Structures are given as structure tokens and as C-alpha cells.
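Q: The structure is given below, and queries will be raised subsequently.
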Amino acid sequence: MRTVTRSYETYDVARRVVEELQSAGFPAANISLVGRHESTDNSNAGEGAGIGAALGGTAGLLAGLGLLAIPGIGPVVAAGWLASTAAGAAAGGVTGGIIGAFTSAGEDEESANYYAETVRRGGTVVSVKAHEDQAPAAEAIMDSAVPIDRDERLTEYRNEGWSRFDANAERYRGPII
């Protein structure tokens, strides 16, 4: 199995990617989504039940979408194995739970920090576990939705003085799109 991960500017784009992956035959159990949505700023993680239907998830993975509080990020919409790993780490008080979730998914430390920071700043991350022969199809679907250019975004973050995700940083108050 190989994990393919991409980040998107908006929840809506990420939601469409998840739907396309499921339509192409990728099982919901192999897909994860973690991100910010404007509804998360007016909610708390205890209100997460049933949010999937409210945010456009009528079947599969998105129907199980819920709210999760992640240290350094705040409430996010989340579903899938990546969300479960992050939730378990957060519940156990593990520092950097979101980083641990990404590294457990096979991401290197730099990528894990990038994805966590992207979520903190309002983006949404989609990951899919695919067999080696299915990975190119997953990449094609995910890339057709025009993910955030990781290298460009890392350069942008670093030019602002960022070096890594900090779970103790003040919550990002920039626009959620």
C-alpha cells in the first residue's frame, strides 16, 4: 500500500476529490479528509455528530464526517483513518498529534509539518491508501483538482518566518475559504 496525500485551498474542492476517489472505486475506509470549514469556527468538537450530511456528505466517507479539536489548529472537519489517528493522539494528550497522524500515514517529518500547517491556515488535506498499481489513478484524480503547490507554499511559509508546525502557536485567524 502507498499513501497519496494532497492539500487543497478549500473544503469544497477536497470534498469533490473524495467523491471522485470513491466513484473510481477507492474504498471509503482507505480515504481520509482533515480540514477547516467555515462551520468549524462557530462549532465545538462536541457538536460533531451528523455534520457530514450538513457539509455535503450523503454517502461513504463524508457521511461520517465530524468535528475534531486538534491542538494548535482548533476544530476541524475530519473523517477516515487519518482523523482516527489524530483523534486518538489528541485524546491521549500526545503533543503533535496531527504530526504523528501524518507520519504514521507514511509522510516524512517535513511533509507532516507542511500538511498540519496547511490545515491550521484553512486548507484541507485528503489522503488515500492505494495499492501500488492503483496509486497512479489516485494521483491523477487528486492532481486534476489542482492541489496546493507544496514547494511554493513551503517557500511562502518560510518567507514568513515559519519553520515547522507548532501545536502551541496562537490559533491562525486568517481567512477560511
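FYI, nothing fancy with the C-alpha cells labels: chains A, B, ... in order, residues from 1 per chain, ligands from 1 as they appear.
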Find the residues near Arg164 of chain A: any atom within 7 Å, counting only C-alpha atoms, skip ones fewer than 2 places away on the same chain, and give them as a list in words.
A: Asn113, Trp162 and Asp166 of chain A
Q: List the spatial neighbours of Ala24 of chain A as a PDB file with N, CA and C atoms, in the first residue's frame - criterion: any atom at most 9 Å away, only C-alpha atoms, same-chain residues fewer than 5 positions off excluded.
A:
ATOM      1  N   GLU A  19     -15.182  12.448  -3.254  1.00  0.00           N
ATOM      2  CA  GLU A  19     -16.287  11.844  -4.008  1.00  0.00           C
ATOM      3  C   GLU A  19     -15.787  11.170  -5.291  1.00  0.00           C
ATOM      4  N   ALA A 137      -3.736   6.160 -10.510  1.00  0.00           N
ATOM      5  CA  ALA A 137      -5.116   6.616 -10.702  1.00  0.00           C
ATOM      6  C   ALA A 137      -5.514   7.578  -9.581  1.00  0.00           C
ATOM      7  N   ALA A 138      -5.119   7.272  -8.358  1.00  0.00           N
ATOM      8  CA  ALA A 138      -5.409   8.173  -7.232  1.00  0.00           C
ATOM      9  C   ALA A 138      -4.722   9.516  -7.450  1.00  0.00           C
ATOM     10  N   ILE A 141      -6.558  11.601 -10.134  1.00  0.00           N
ATOM     11  CA  ILE A 141      -7.790  12.206  -9.612  1.00  0.00           C
ATOM     12  C   ILE A 141      -7.455  13.387  -8.716  1.00  0.00           C
TER      13      ILE A 141
END
Q: Mind giving me the straight-line distance from atom CA of Tyr157 of chain A to atom CA of Arg121 of chain A in Å, one decimal?
A: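 Straight-line distance from atom CA of Tyr157 of chain A to atom CA of Arg121 of chain A works out to 10.4 Å.
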Q: Atom CA of Asp108 of chain A to atom CA of Leu33 of chain A: how many Å, to one decimal?
A: 18.3 Å
Q: Closest to Gly97 of chain A among A:Ile148, A:Val125, A:Val34, A:Ala167, using only C-alpha atoms?
A: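 Smallest separation from Gly97 of chain A among the options: A:Ala167.
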Q: A:Arg36, A:Glu107, A:Leu68, A:Val128: which is nearest Gln22 of chain A, counting only C-alpha atoms?
A: A:Val128
